$ cat input07.txt   # compact mmCIF, C-alpha atoms and all ligand atoms
# COMPACT_ATOMS: atom_id res chain seq x y z
CA MET A 1 0.00 0.00 0.00
CA ARG A 2 2.83 2.35 0.90
CA GLU A 3 4.45 1.86 -2.56
CA GLU A 4 1.11 2.66 -4.18
CA TYR A 5 0.88 6.09 -2.62
CA GLN A 6 4.55 6.99 -2.75
CA ALA A 7 4.32 6.62 -6.50
CA SER A 8 1.30 8.89 -6.63
CA THR A 9 1.39 12.65 -6.84
CA TYR A 10 -2.16 12.75 -5.59
CA PRO A 11 -3.22 12.05 -2.01
CA LEU A 12 -4.73 8.62 -1.63
CA HIS A 13 -5.59 9.21 2.02
CA VAL A 14 -6.79 12.56 3.37
CA ALA A 15 -7.60 13.16 7.04
CA LEU A 16 -9.60 16.05 8.45
CA ILE A 17 -9.61 17.90 11.75
CA MET A 18 -13.01 19.54 11.46
CA ASP A 19 -12.55 22.49 13.80
CA GLY A 20 -14.55 25.66 14.28
CA ASN A 21 -18.14 24.50 14.66
CA GLY A 22 -18.49 26.26 18.02
CA ARG A 23 -17.06 29.57 16.78
CA TRP A 24 -19.28 29.42 13.72
CA ALA A 25 -22.34 29.02 15.94
CA SER A 26 -21.21 31.84 18.30
CA GLN A 27 -20.78 34.20 15.36
CA LYS A 28 -24.39 33.52 14.54
CA ARG A 29 -25.45 33.77 18.19
CA ARG A 30 -26.73 30.22 18.03
CA PRO A 31 -26.10 27.27 20.38
CA ARG A 32 -22.96 25.22 19.69
CA PHE A 33 -25.13 22.32 18.57
CA HIS A 34 -26.18 24.42 15.58
CA GLY A 35 -22.51 24.58 14.55
CA HIS A 36 -22.13 20.82 14.83
CA GLN A 37 -25.26 20.32 12.74
CA ALA A 38 -23.84 22.59 10.03
CA GLY A 39 -20.50 20.76 10.39
CA ALA A 40 -22.16 17.41 9.78
CA GLU A 41 -23.65 18.78 6.55
CA THR A 42 -20.20 20.00 5.49
CA LEU A 43 -18.86 16.51 6.08
CA ARG A 44 -21.62 15.02 3.95
CA ARG A 45 -20.69 17.37 1.09
CA ILE A 46 -16.97 16.58 1.35
CA VAL A 47 -17.61 12.82 1.39
CA THR A 48 -19.67 13.21 -1.76
CA VAL A 49 -16.86 14.82 -3.76
CA CYS A 50 -14.08 12.44 -2.67
CA PRO A 51 -14.66 9.81 -5.38
CA SER A 52 -14.41 12.40 -8.17
CA LEU A 53 -11.09 13.54 -6.67
CA ASP A 54 -9.66 10.00 -6.61
CA ILE A 55 -9.41 10.01 -2.83
CA ARG A 56 -9.61 6.41 -1.70
CA TYR A 57 -9.47 6.98 2.08
CA LEU A 58 -10.98 9.81 4.11
CA THR A 59 -10.48 9.85 7.89
CA VAL A 60 -12.27 12.36 10.09
CA PHE A 61 -11.90 13.35 13.73
CA ALA A 62 -15.47 13.47 15.01
CA PHE A 63 -14.94 13.19 18.78
CA SER A 64 -11.70 13.02 20.72
CA THR A 65 -10.90 11.35 24.02
CA GLU A 66 -10.68 14.91 25.41
CA ASN A 67 -14.09 16.04 24.09
CA TRP A 68 -15.82 14.42 27.11
CA ARG A 69 -14.67 17.53 29.02
CA ARG A 70 -17.30 19.59 27.20
CA GLU A 71 -20.69 20.44 28.67
CA PRO A 72 -22.88 17.31 28.88
CA GLU A 73 -25.45 19.02 26.68
CA GLU A 74 -22.91 19.49 23.89
CA VAL A 75 -21.62 15.91 24.23
CA SER A 76 -25.12 14.46 24.03
CA GLY A 77 -25.88 16.75 21.07
CA LEU A 78 -22.86 15.39 19.19
CA MET A 79 -23.81 11.81 20.02
CA SER A 80 -27.36 12.38 18.80
CA LEU A 81 -26.01 13.81 15.54
CA MET A 82 -23.95 10.68 15.01
CA HIS A 83 -27.05 8.61 15.65
CA LEU A 84 -29.05 10.65 13.18
CA TYR A 85 -26.42 10.55 10.45
CA SER A 86 -25.80 6.82 10.87
CA ASN A 87 -29.47 6.37 9.98
CA SER A 88 -29.93 8.96 7.32
CA MET A 89 -26.70 8.36 5.40
CA ILE A 90 -26.76 4.59 5.18
CA LYS A 91 -28.62 4.35 1.86
CA GLU A 92 -26.56 7.05 0.17
CA LEU A 93 -23.27 5.55 1.41
CA LYS A 94 -24.18 2.08 0.19
CA GLU A 95 -25.33 3.34 -3.21
CA ASN A 96 -22.01 5.13 -3.62
CA SER A 97 -19.96 2.16 -2.45
CA VAL A 98 -18.58 4.01 0.56
CA GLU A 99 -17.36 1.76 3.35
CA VAL A 100 -17.61 3.28 6.85
CA VAL A 101 -15.22 2.21 9.59
CA PHE A 102 -15.07 3.54 13.16
CA ILE A 103 -11.92 3.87 15.22
CA GLY A 104 -11.66 4.84 18.86
CA ASP A 105 -12.93 3.34 22.08
CA LEU A 106 -16.61 2.87 21.34
CA THR A 107 -17.25 1.00 24.58
CA SER A 108 -17.96 4.30 26.38
CA LEU A 109 -20.80 5.16 24.00
CA ASP A 110 -24.47 4.42 24.65
CA ARG A 111 -25.44 0.93 23.64
CA SER A 112 -28.02 2.15 21.13
CA LEU A 113 -25.45 4.35 19.38
CA ARG A 114 -22.91 1.51 19.35
CA GLU A 115 -25.49 -0.72 17.71
CA LYS A 116 -26.21 1.93 15.08
CA LEU A 117 -22.51 2.33 14.32
CA ASP A 118 -22.09 -1.46 14.11
CA THR A 119 -24.96 -1.68 11.66
CA LEU A 120 -23.50 1.10 9.54
CA GLU A 121 -20.13 -0.68 9.44
CA GLN A 122 -21.69 -4.02 8.57
CA GLU A 123 -24.06 -2.63 5.95
CA THR A 124 -21.35 -0.68 4.15
CA ALA A 125 -18.55 -3.27 4.48
CA GLY A 126 -16.78 -3.99 1.23
CA GLY A 127 -17.57 -0.59 -0.36
CA LYS A 128 -14.75 -0.12 -2.83
CA ILE A 129 -14.92 3.52 -3.86
CA LEU A 130 -14.10 5.21 -0.55
CA THR A 131 -13.23 4.09 2.97
CA LEU A 132 -14.58 6.70 5.37
CA THR A 133 -12.97 6.22 8.78
CA VAL A 134 -14.68 8.12 11.57
CA ALA A 135 -12.69 8.60 14.79
CA ILE A 136 -14.97 8.69 17.84
CA ASN A 137 -13.62 8.77 21.39
CA TYR A 138 -10.26 8.53 19.65
CA GLY A 139 -6.89 9.82 20.81
CA GLY A 140 -3.49 9.02 19.34
CA ARG A 141 -1.95 8.49 22.77
CA ALA A 142 -4.76 6.16 23.86
CA GLU A 143 -4.36 4.24 20.60
CA LEU A 144 -0.60 3.80 21.13
CA THR A 145 -1.13 2.82 24.77
CA GLN A 146 -3.64 0.17 23.71
CA ALA A 147 -1.26 -1.14 21.02
CA VAL A 148 1.53 -1.50 23.59
CA LYS A 149 -0.82 -3.36 25.95
CA ASP A 150 -1.96 -5.71 23.17
CA ILE A 151 1.64 -6.44 22.23
CA ALA A 152 2.50 -7.15 25.88
CA VAL A 153 -0.41 -9.60 26.08
CA GLY A 154 0.79 -11.20 22.82
CA ILE A 155 4.23 -11.71 24.34
CA ARG A 156 2.78 -13.15 27.53
CA GLU A 157 0.73 -15.58 25.46
CA GLY A 158 3.80 -16.58 23.44
CA LYS A 159 2.49 -15.19 20.12
CA PHE A 160 5.73 -13.28 19.55
CA SER A 161 8.96 -12.46 21.36
CA ILE A 162 10.39 -9.11 22.47
CA ASP A 163 12.91 -9.35 19.63
CA GLU A 164 10.06 -9.35 17.14
CA ILE A 165 8.82 -5.91 18.24
CA ASN A 166 9.42 -3.51 15.39
CA GLU A 167 7.58 -0.66 13.65
CA SER A 168 5.62 -3.01 11.48
CA LEU A 169 4.35 -5.01 14.47
CA LEU A 170 3.32 -1.83 16.26
CA GLN A 171 1.58 -0.53 13.15
CA ARG A 172 -0.40 -3.76 12.89
CA HIS A 173 -1.68 -3.23 16.45
CA LEU A 174 -3.03 0.26 15.77
CA MET A 175 -6.71 0.92 15.14
CA THR A 176 -5.72 2.05 11.66
CA ALA A 177 -3.86 -1.19 10.84
CA ASP A 178 -5.79 -1.59 7.58
CA LEU A 179 -5.21 1.97 6.37
CA PRO A 180 -2.23 3.54 4.64
CA ASP A 181 -0.77 6.53 6.51
CA PRO A 182 -2.52 9.79 5.67
CA ASP A 183 -0.85 11.72 2.85
CA LEU A 184 -2.48 14.96 3.89
CA ILE A 185 -4.14 16.26 7.06
CA ILE A 186 -6.29 19.35 6.74
CA ARG A 187 -7.26 21.33 9.83
CA THR A 188 -9.80 24.12 9.61
CA ALA A 189 -10.41 27.14 11.89
CA GLY A 190 -6.91 28.53 12.20
CA ASP A 191 -5.22 26.55 14.95
CA VAL A 192 -1.90 24.98 14.00
CA ARG A 193 -1.74 21.79 16.05
CA ILE A 194 -2.48 18.09 15.77
CA SER A 195 -4.56 17.70 18.97
CA ASN A 196 -3.75 14.02 19.56
CA PHE A 197 -4.93 12.90 16.10
CA LEU A 198 -3.11 10.09 14.21
CA LEU A 199 0.16 10.67 16.07
CA TRP A 200 2.01 7.61 14.78
CA GLN A 201 0.44 7.70 11.32
CA SER A 202 1.31 11.34 10.60
CA ALA A 203 5.11 10.94 10.83
CA TYR A 204 5.50 11.94 7.16
CA THR A 205 2.11 13.47 6.48
CA GLU A 206 1.72 16.82 4.72
CA PHE A 207 -0.38 19.43 6.54
CA GLU A 208 -2.72 22.21 5.47
CA PHE A 209 -4.05 24.62 8.06
CA VAL A 210 -6.81 26.90 6.85
CA ASP A 211 -8.62 29.71 8.66
CA THR A 212 -12.06 28.81 7.35
CA LEU A 213 -14.39 27.47 10.04
CA TRP A 214 -15.46 23.90 9.31
CA PRO A 215 -19.14 24.66 8.58
CA ASP A 216 -18.01 27.19 5.94
CA PHE A 217 -15.48 24.82 4.34
CA THR A 218 -16.70 24.03 0.83
CA PRO A 219 -15.93 21.28 -1.69
CA GLN A 220 -14.26 24.06 -3.69
CA ASP A 221 -11.92 24.86 -0.76
CA PHE A 222 -11.15 21.15 -0.57
CA LYS A 223 -10.44 20.97 -4.30
CA SER A 224 -8.15 24.00 -4.14
CA ILE A 225 -6.08 22.40 -1.39
CA LEU A 226 -5.82 19.17 -3.36
CA ALA A 227 -4.84 21.06 -6.49
CA ARG A 228 -1.81 22.44 -4.64
CA TYR A 229 -0.77 19.03 -3.34
CA PRO A 230 1.27 17.79 -6.35
CA ALA A 231 3.66 20.75 -5.92
CA ARG A 232 4.78 19.36 -2.56
CA SER A 233 8.06 17.52 -2.46
CA ARG A 234 7.61 14.45 -0.29
CA ARG A 235 10.96 12.95 0.61
CA PHE A 236 10.14 10.61 3.50
CA GLY A 237 13.56 11.41 4.94
CA ALA A 238 15.42 10.86 1.66
CA ASN A 239 17.19 13.66 -0.19
CA SER A 240 15.34 13.55 -3.48
CA ARG A 241 11.71 13.35 -4.51
CA VAL A 242 10.30 9.81 -4.28
C1 LIG A 301 -14.64 20.85 16.54
O1 LIG A 301 -15.27 22.09 16.58
C2 LIG A 301 -15.57 19.82 16.10
C3 LIG A 301 -15.96 18.76 16.86
C4 LIG A 301 -15.48 18.52 18.22
C5 LIG A 301 -16.94 17.80 16.35
C6 LIG A 301 -16.89 17.45 14.90
C7 LIG A 301 -18.21 16.92 14.52
C8 LIG A 301 -18.86 17.16 13.36
C9 LIG A 301 -18.28 17.88 12.23
C10 LIG A 301 -20.26 16.73 13.16
C11 LIG A 301 -20.66 15.36 13.55
C12 LIG A 301 -19.98 14.26 12.85
C13 LIG A 301 -20.58 13.18 12.32
C14 LIG A 301 -19.73 12.00 12.00
C15 LIG A 301 -22.02 13.10 12.01
P1 LIG A 301 -15.33 22.88 17.96
O2 LIG A 301 -16.66 22.60 18.57
O3 LIG A 301 -14.17 22.52 18.80
O4 LIG A 301 -15.25 24.36 17.47
P2 LIG A 301 -14.62 25.59 18.25
O5 LIG A 301 -13.13 25.30 18.38
O6 LIG A 301 -14.90 26.75 17.35
O7 LIG A 301 -15.31 25.67 19.58

$ encode --input "input07.txt" --output "structure tokens"
Amino acid sequence: MREEYQASTYPLHVALIMDGNGRWASQKRRPRFHGHQAGAETLRRIVTVCPSLDIRYLTVFAFSTENWRREPEEVSGLMSLMHLYSNSMIKELKENSVEVVFIGDLTSLDRSLREKLDTLEQETAGGKILTLTVAINYGGRAELTQAVKDIAVGIREGKFSIDEINESLLQRHLMTADLPDPDLIIRTAGDVRISNFLLWQSAYTEFEFVDTLWPDFTPQDFKSILARYPARSRRFGANSRV
């Protein structure tokens, strides 16, 4: 998979930090939930254009391990949006051959939401046009911690030895084991930081930080960013373009 994307001048895997929903709502003097609703619609529009842009993998940060610190009302609003979208999008996603995968610790979610997300994963499994990975209750540090624990258990059970621990083994224990590393991470709303997203996977990722608030981010903004991508020189630590 790695060879496939190194050879490409176009990003195979794009990841999104969809920031700015709250500020967008405040500007409009509306509750934060209104911003998340508008943000969910933006996501729907971006997913729709991915196939025409030859993006094979789209990964989005919907809820972080730190987002539980928000007001309970906002947290439950976000959860209800995920519920709603899991229902309303299923037909469209299947028709467009979009496979949905969830990463993160879903055990802390309500059982009814977990069941909805399971159904969405099962119903869309095998979709070949786009793999949409949605990170919920996800944090890069938590993911790495879990991978280390799983490897330790594997050693205790005799599945592999300490000498067999290498980058490839660790990668295979991540929640993103089936995905190539992201070629490009886009963060909206002006902050220039990674906020515990895809820490291991982004070692050689390209970044775009844009000021636009996520609900205002358009497919045209997305296309403009992608149009600039081939001009980047990705060296993966080497001294000439690969
Ligand atoms: C960050 O904006 C955004 C989030 C924490 C949630 C992202 C969720 C969505 C786009 C919608 C729901 C997703 C699905 C999968 C249906 P913020 O609230 O931190 O904005 P702020 O920094 O301006 O306060």

$ closest_residue --input "input07.txt" --among "A:Leu213, A:Leu109, A:Val49, A:Met175" --to "ligand LIG 301 (chain A)" --atoms "only C-alpha atoms and all ligand atoms"
A:Leu213

$ closest_atom_pairs --input "input07.txt" --of "chain A" --to "ligand LIG 301 (chain A)" --cutoff "9 Å" --atoms "all atoms listed in the file" --output "CSV"
residue,atom,partner,partner_atom,distance
A:Ile17,CA,A:LIG301,C1,7.5
A:Met18,CA,A:LIG301,C2,5.3
A:Asp19,CA,A:LIG301,C1,3.8
A:Gly20,CA,A:LIG301,O6,3.3
A:Asn21,CA,A:LIG301,O4,4.0
A:Gly22,CA,A:LIG301,O7,3.6
A:Arg23,CA,A:LIG301,O6,3.6
A:Trp24,CA,A:LIG301,O6,6.3
A:Ala25,CA,A:LIG301,O6,7.9
A:Ser26,CA,A:LIG301,O6,8.2
A:Arg32,CA,A:LIG301,O2,6.9
A:Phe33,CA,A:LIG301,O2,8.5
A:Gly35,CA,A:LIG301,O2,7.4
A:His36,CA,A:LIG301,C10,4.8
A:Gln37,CA,A:LIG301,C10,6.2
A:Ala38,CA,A:LIG301,C10,7.5
A:Gly39,CA,A:LIG301,C9,4.1
A:Ala40,CA,A:LIG301,C10,3.9
A:Glu41,CA,A:LIG301,C10,7.7
A:Thr42,CA,A:LIG301,C9,7.3
A:Leu43,CA,A:LIG301,C9,6.3
A:Arg44,CA,A:LIG301,C15,8.3
A:Val60,CA,A:LIG301,C14,7.7
A:Phe61,CA,A:LIG301,C6,6.6
A:Ala62,CA,A:LIG301,C6,4.2
A:Phe63,CA,A:LIG301,C4,5.4
A:Ser64,CA,A:LIG301,C4,7.1
A:Asn67,CA,A:LIG301,C4,6.5
A:Glu74,CA,A:LIG301,O2,8.8
A:Val75,CA,A:LIG301,C4,9.0
A:Leu78,CA,A:LIG301,C11,6.1
A:Met79,CA,A:LIG301,C11,8.0
A:Ser80,CA,A:LIG301,C15,8.7
A:Leu81,CA,A:LIG301,C15,5.4
A:Met82,CA,A:LIG301,C15,4.3
A:His83,CA,A:LIG301,C15,7.7
A:Leu84,CA,A:LIG301,C15,7.5
A:Tyr85,CA,A:LIG301,C15,5.3
A:Ser86,CA,A:LIG301,C15,7.4
A:Val134,CA,A:LIG301,C14,6.4
A:Ala135,CA,A:LIG301,C14,8.3
A:Ile136,CA,A:LIG301,C14,8.2
A:Ala189,CA,A:LIG301,O6,7.1
A:Asp191,CA,A:LIG301,O5,8.7
A:Leu213,CA,A:LIG301,O6,7.4
A:Trp214,CA,A:LIG301,C9,7.3
A:Pro215,CA,A:LIG301,C9,7.7

$ atom_distance --input "input07.txt" --atom1 "atom CA of A:Thr124" --atom2 "atom CA of A:Lys94"
5.6 Å

$ closest_residue --input "input07.txt" --among "A:Thr107, A:Gln122, A:Gln201, A:Ser88" --to "A:Leu144" --atoms "all atoms listed in the file"
A:Gln201

$ closest_residue --input "input07.txt" --among "A:Ile90, A:Leu113, A:Ile129, A:Leu170" --to "A:Tyr57" --atoms "all atoms listed in the file"
A:Ile129

$ residues_around --input "input07.txt" --residues "A:Thr212" --least-positions-apart "4" --cutoff "7 Å" --atoms "only C-alpha atoms" --output "number ranges by chain"
A: 188-189, 216-217

$ atom_distance --input "input07.txt" --atom1 "atom CA of A:Lys28" --atom2 "atom CA of A:Val47"
25.4 Å

$ closest_residue --input "input07.txt" --among "A:His13, A:Tyr229, A:Ser97, A:Ala203" --to "A:Ala125" --atoms "only C-alpha atoms"
A:Ser97

$ atom_distance --input "input07.txt" --atom1 "atom CA of A:Arg29" --atom2 "atom CA of A:Gln220"
26.4 Å

$ build_atoms --input "input07.txt" --residues "stretch 21-43 of chain A" --atoms "N, CA and C atoms" --output "PDB file, keeping the file's coordinate frame"
ATOM      1  N   ASN A  21     -16.667  24.533  14.611  1.00  0.00           N
ATOM      2  CA  ASN A  21     -18.140  24.500  14.660  1.00  0.00           C
ATOM      3  C   ASN A  21     -18.683  25.443  15.732  1.00  0.00           C
ATOM      4  N   GLY A  22     -18.015  25.433  16.899  1.00  0.00           N
ATOM      5  CA  GLY A  22     -18.490  26.260  18.020  1.00  0.00           C
ATOM      6  C   GLY A  22     -18.385  27.744  17.691  1.00  0.00           C
ATOM      7  N   ARG A  23     -17.230  28.145  17.117  1.00  0.00           N
ATOM      8  CA  ARG A  23     -17.060  29.570  16.780  1.00  0.00           C
ATOM      9  C   ARG A  23     -18.058  30.008  15.707  1.00  0.00           C
ATOM     10  N   TRP A  24     -18.310  29.120  14.784  1.00  0.00           N
ATOM     11  CA  TRP A  24     -19.280  29.420  13.720  1.00  0.00           C
ATOM     12  C   TRP A  24     -20.656  29.697  14.322  1.00  0.00           C
ATOM     13  N   ALA A  25     -21.034  28.845  15.282  1.00  0.00           N
ATOM     14  CA  ALA A  25     -22.340  29.020  15.940  1.00  0.00           C
ATOM     15  C   ALA A  25     -22.356  30.322  16.752  1.00  0.00           C
ATOM     16  N   SER A  26     -21.249  30.600  17.488  1.00  0.00           N
ATOM     17  CA  SER A  26     -21.210  31.840  18.300  1.00  0.00           C
ATOM     18  C   SER A  26     -21.344  33.066  17.422  1.00  0.00           C
ATOM     19  N   GLN A  27     -20.669  33.042  16.259  1.00  0.00           N
ATOM     20  CA  GLN A  27     -20.780  34.200  15.360  1.00  0.00           C
ATOM     21  C   GLN A  27     -22.224  34.458  14.968  1.00  0.00           C
ATOM     22  N   LYS A  28     -22.991  33.387  14.946  1.00  0.00           N
ATOM     23  CA  LYS A  28     -24.390  33.520  14.540  1.00  0.00           C
ATOM     24  C   LYS A  28     -25.317  33.621  15.755  1.00  0.00           C
ATOM     25  N   ARG A  29     -24.696  33.726  16.930  1.00  0.00           N
ATOM     26  CA  ARG A  29     -25.450  33.770  18.190  1.00  0.00           C
ATOM     27  C   ARG A  29     -26.417  32.584  18.315  1.00  0.00           C
ATOM     28  N   ARG A  30     -25.931  31.432  17.932  1.00  0.00           N
ATOM     29  CA  ARG A  30     -26.730  30.220  18.030  1.00  0.00           C
ATOM     30  C   ARG A  30     -26.030  29.238  18.973  1.00  0.00           C
ATOM     31  N   PRO A  31     -26.751  28.254  19.503  1.00  0.00           N
ATOM     32  CA  PRO A  31     -26.100  27.270  20.380  1.00  0.00           C
ATOM     33  C   PRO A  31     -25.043  26.480  19.603  1.00  0.00           C
ATOM     34  N   ARG A  32     -24.065  25.946  20.331  1.00  0.00           N
ATOM     35  CA  ARG A  32     -22.960  25.220  19.690  1.00  0.00           C
ATOM     36  C   ARG A  32     -23.477  24.038  18.847  1.00  0.00           C
ATOM     37  N   PHE A  33     -24.573  23.456  19.311  1.00  0.00           N
ATOM     38  CA  PHE A  33     -25.130  22.320  18.570  1.00  0.00           C
ATOM     39  C   PHE A  33     -25.428  22.702  17.110  1.00  0.00           C
ATOM     40  N   HIS A  34     -25.867  23.943  16.932  1.00  0.00           N
ATOM     41  CA  HIS A  34     -26.180  24.420  15.580  1.00  0.00           C
ATOM     42  C   HIS A  34     -24.930  24.350  14.698  1.00  0.00           C
ATOM     43  N   GLY A  35     -23.779  24.666  15.296  1.00  0.00           N
ATOM     44  CA  GLY A  35     -22.510  24.580  14.550  1.00  0.00           C
ATOM     45  C   GLY A  35     -22.175  23.138  14.190  1.00  0.00           C
ATOM     46  N   HIS A  36     -22.428  22.231  15.115  1.00  0.00           N
ATOM     47  CA  HIS A  36     -22.130  20.820  14.830  1.00  0.00           C
ATOM     48  C   HIS A  36     -23.066  20.277  13.739  1.00  0.00           C
ATOM     49  N   GLN A  37     -24.317  20.741  13.787  1.00  0.00           N
ATOM     50  CA  GLN A  37     -25.260  20.320  12.740  1.00  0.00           C
ATOM     51  C   GLN A  37     -24.756  20.771  11.365  1.00  0.00           C
ATOM     52  N   ALA A  38     -24.351  22.044  11.307  1.00  0.00           N
ATOM     53  CA  ALA A  38     -23.840  22.590  10.030  1.00  0.00           C
ATOM     54  C   ALA A  38     -22.554  21.846   9.646  1.00  0.00           C
ATOM     55  N   GLY A  39     -21.749  21.490  10.651  1.00  0.00           N
ATOM     56  CA  GLY A  39     -20.500  20.760  10.390  1.00  0.00           C
ATOM     57  C   GLY A  39     -20.771  19.379   9.812  1.00  0.00           C
ATOM     58  N   ALA A  40     -21.814  18.739  10.299  1.00  0.00           N
ATOM     59  CA  ALA A  40     -22.160  17.410   9.780  1.00  0.00           C
ATOM     60  C   ALA A  40     -22.564  17.518   8.311  1.00  0.00           C
ATOM     61  N   GLU A  41     -23.266  18.581   7.965  1.00  0.00           N
ATOM     62  CA  GLU A  41     -23.650  18.780   6.550  1.00  0.00           C
ATOM     63  C   GLU A  41     -22.419  19.039   5.684  1.00  0.00           C
ATOM     64  N   THR A  42     -21.448  19.779   6.241  1.00  0.00           N
ATOM     65  CA  THR A  42     -20.200  20.000   5.490  1.00  0.00           C
ATOM     66  C   THR A  42     -19.519  18.660   5.218  1.00  0.00           C
ATOM     67  N   LEU A  43     -19.490  17.819   6.245  1.00  0.00           N
ATOM     68  CA  LEU A  43     -18.860  16.510   6.080  1.00  0.00           C
ATOM     69  C   LEU A  43     -19.560  15.710   4.982  1.00  0.00           C
TER      70      LEU A  43
END
